[in-house]
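Chemist: Can you read through this structure? Questions will come right after.
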Amino acid sequence: MKLDREEVKHIALLARLGLTEADVEKFREQLSNILENFEILKQVDTSGVPPTSHPVALRNVLRDDEVRPSFSPKEILANAPREEDGCFRVRAVLE
Amino acid sequence: MEYETIIGLEVHAQLLTKSKMFCGCSADYASAPPNTHVCPICLGMPGVLPTINKKAIEYAVMTALALNCTIPEHTRFDRKNYPYPDLMKGYQISQYNNPLSRNGWLTIEVNGKSRRIGITRVHQEEDVAKLFHRTDPSGESYSLVDVNRSGVPLMEIVSEPDMRSPEEAREYLMKLHSILQYLGVCTGNMEEGSFRCDANVSIRPAGSTEFMPKVEVKNMNSFKAVYRALAYEVERQRKVAEEGGKLVQETRGWVEEKGATVSQRSKEYAHDYRYFPEPDLPPLELSRKFVDEIRSRLPELPDARRDRFISQYSLSRYDANLLTVSRAMADYFETCLKPLPQGAEAEKRAKTVANWLLGEFSRLLNATNIEIKDAKITPQHLVEMLELIDNGTLSTTMAKTVFEEMFRGGKSASQVVKEKGLAQISTANELESVLGQVIAANSQAVADFKQGKEQALKFLVGQVMKATRGQANPQMVNELLRRRLAHSQ
């Protein structure tokens with residue numbers, strides 16, 4: 001399956017990646033390769049095999065509803081590019 | 001042309017757990033300073049491992065059962081990917097293909113008619129961070145992010161597009177709200193956002209089965225707002241259609257001050273959520289034993305309680321409905337009736353208590369914006385007051401004053417009566433002089449009564465009540481007047 005340039009740009013937008021025109025071509029080839037390999041894998045007959053979403057057969061890993069201490073706001077905001085009034089400050093987002 | 005309205009509702013309800021959905025941070029964020037209930041799991045830092053809160057699953061299963069849903073044996077979480085600063089991870093943990101429940105229903109009543117509204121699914125997810133929009137002195141706008149709310153357990157309840165009017169949508173929402181409160185799984189506070197509602201609205205020519213573009217309506221923060229927004233939106237669509245315009249699929253926000261829905265253009269591009277199974281959370285197997293155990297703990301729900309009130313206390317359907325909307329009100333009512341008087345007295349007492357609760361009590365709760373659980377007047381206070389009415393100490397008119405005083409001050413009825421000198425004048429001696437004055441001042445009415453006009457006596461009783469500022473026992477006044485007027489003949 002070959003991806004076209006528009007599809008690559010759409011994927012880049014979803015991933016919030018800025019690509020140059022040269023990047024688009026490079027990733028178009030690489031991503032197409034990956035998809036082609038999946039096409040090969042798809043030839044295996046899996047009709048009797050339930051879909052696997054998790055490699056380990058764990059089930060029902062739950063915790064009791066108990067409060068544990070949170071981190072301090074100082075630690076939480078340590079990686080914030082900017083902060084204000086105890087909050088992360090980010091570029092404007094409007095609904 | 002006649003149009004049919006089609007409404008489906010999507011409700012998000014925060015669950016009343018102590019901790020968050022996938023970590024041990026406190027879920028009680030309402031009055032917490034920003035970013036004090038946050039950990040690396042909330043932030044989606046690399047290498048963290050979320051773990052499912054058992055209580056949240058129990059609450060969601062309980063809700064699904066109360067809404068007559070089917071609970072499959074297998075359920076799992078998925079990642080819903082979208083870039084927005086209220087999502088620290090860049091995705092929300094939600095459920096897509098294998099939700100925790102499907103295919104339920106609840107019953108609503110509109111204009112005396114019952115209707116079943118289908119529930120598509122109830123699933124579990126997590127709430128997102130809170131954003132505050134600001135502008136700095138240079139005019140640049142920016143947003144502040146408080147992550148406390150992020151990760152609070154959020155239950156999504158999606159209805160079928162079964163509602164045919166804004167009234168039905170409001171009833172559905174109120175019934176759902178009522179059920180969640182009975183279950184004790186959500187505070188149900190719409191203004192604070194613990195119970196939120198979005199609507200899908202469309203119209204189509206009556207009798208047609210075609211689909212017209214649907215509009216998603218958001219930003220409705222009260223039952224009233226939901227009703228007004230839907231009524232507005234239905235009317236708007238009708239007008240566009242009638243004027244030959246083209247309806248478009250879009251998201252519109254309800255703007256309370258304008259009383260209108262406004263297009264939110266930024267959301268027009270189709271979402272591409274790229275759901276996939278959440279690798280950090282192993283799937284859940286909901287054993288029948290687990291589900292049955294939760295089923296056995298379901299409380300009596302509003303519809304069942306209403307029906308019991310009708311049969312047990314002989315209440316009207318109308319009164320029983322109103323009393324059982326809120327569990328707190330229904331509990332209050334039943335506490336007032338313990339112990340229940342015997343025989344015919346029981347029915348009478350139930351009706352009297354219902355009248356006080358639906359009348360004065362509800363009026364004062366609304367006027368003061370107080371919730372039942374915070375009310376100062378206790379069921380014991382009300383019962384004592386009713387006994388004072390029964391034994392003639394209080395007239396019904398005086399009781400209203402006493403009730404309000406009890407409501408405001410939390411004192412007992414007898415205390416209020418004593419302090420305000422409100423006891424009813426029930427001894428003949430105390431009334432004699434007033435009677436004399438009233439008879440002397442109303443000779444025309446006296447003459448009318450003597451000629452057989454019963455109305456005149458009522459007038460005279462009224463005059464005595466007025467002169468005593470309502471403190472006389474009307475029945476006694478009536479008897480004393482008859483006796484006096486008969487004597488003077």
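In the structure tokens, each chain is lettered A, B, ... as it comes, each chain's residues begin at 1, and ligands are numbered from 1 in order of appearance.
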Taking the DSSP secondary structure from the backbone, can you list the residues of chain A that are strand (DSSP E or B), as a PyMOL selection string?

Modeler: chain A and resi 62-63+83-84+87-91

Chemist: Please find the residues of chain B near chain A - the criterion being any atom within 6 Å, counting only C-alpha atoms - and write them as a list in words.

Modeler: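 The contacting residues on chain B are Ser19, Gly24, Cys25, Ser26, Pro34, Asn35, Thr36, His37, Val38, Cys39, Thr51, Ile52, Asn53, Lys54, Lys55, Ser141, Tyr142, Ser143, Leu144, Val145, Asp146, Pro282, Pro283 and Leu284 of chain B.
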
Chemist: What residues in stretch 26-243 of chain B get the DSSP label helix (DSSP H, G or I)? Please answer as a PyMOL selection string.

Modeler: chain B and resi 40-43+54-66+166-183+223-242

Chemist: Hey, which of B:Met329, B:Pro50, B:Thr5, B:Leu480 ends up closest to B:Cys23? Count only C-alpha atoms.

Modeler: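 Of the candidates, the smallest distance to B:Cys23 is held by B:Pro50.
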
Chemist: For B:Leu87, which of B:Gln455, B:Ser433, B:Asn148, B:Ser31 is the closest residue, counting only C-alpha atoms?

Modeler: B:Asn148

Chemist: Find the spatial neighbours of stretch 289-299 of chain B, counting only C-alpha atoms, within a cut-off of 10 Å - ignore same-chain residues fewer than 2 positions away - and output them as a list in words.

Modeler: Glu58, Tyr59, Val61, Met62, Thr63, Ala64, Leu65, Ala66, Ile71, Pro72, Glu73, Ile179, Tyr182, Leu183, Gly184, Glu285, Leu286, Ser287, Leu301, Pro302, Ala304 and Arg305 of chain B

Chemist: Just give me the gap between atom CA of B:Leu247 and atom CA of B:Met212 in Å, one decimal is fine.

Modeler: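 Computing it gives 7.6 Å between the two atoms.
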
Chemist: Skip B:Thr324 itself and residues of its chain fewer than 5 positions away, then list as a PyMOL selection string all residues within 12 Å of it, counting only C-alpha atoms.

Modeler: chain B and resi 174-175+178-179+181-182+300-310+315+317-319+329-334+354+357-358

Chemist: Extract, using only C-alpha atoms, all DNA, RNA and protein residues at most 12 Å from stretch 228-230 of chain B, discarding same-chain residues fewer than 3 positions from it, and format them as an MDAnalysis selection string.

Modeler: chainID B and resid 5:9 163:170 197:203 215:225 233:237 252:262

Chemist: Please provide the set of residues having any atom within 12 Å of B:Pro341, restricted to only C-alpha atoms, with same-chain residues fewer than 6 positions apart removed, written as a count of residues only.

Modeler: 7

Chemist: Which neighbours of B:Ala447 fall inside 10 Å, counting only C-alpha atoms, when residues of the same chain fewer than 5 positions from it are skipped, and could you give them as a list of chain:residue names?

Modeler: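 Once the adjacent positions are removed, what remains is B:Asn442, B:Gly452, B:Lys453, B:Ala456, B:Leu485.
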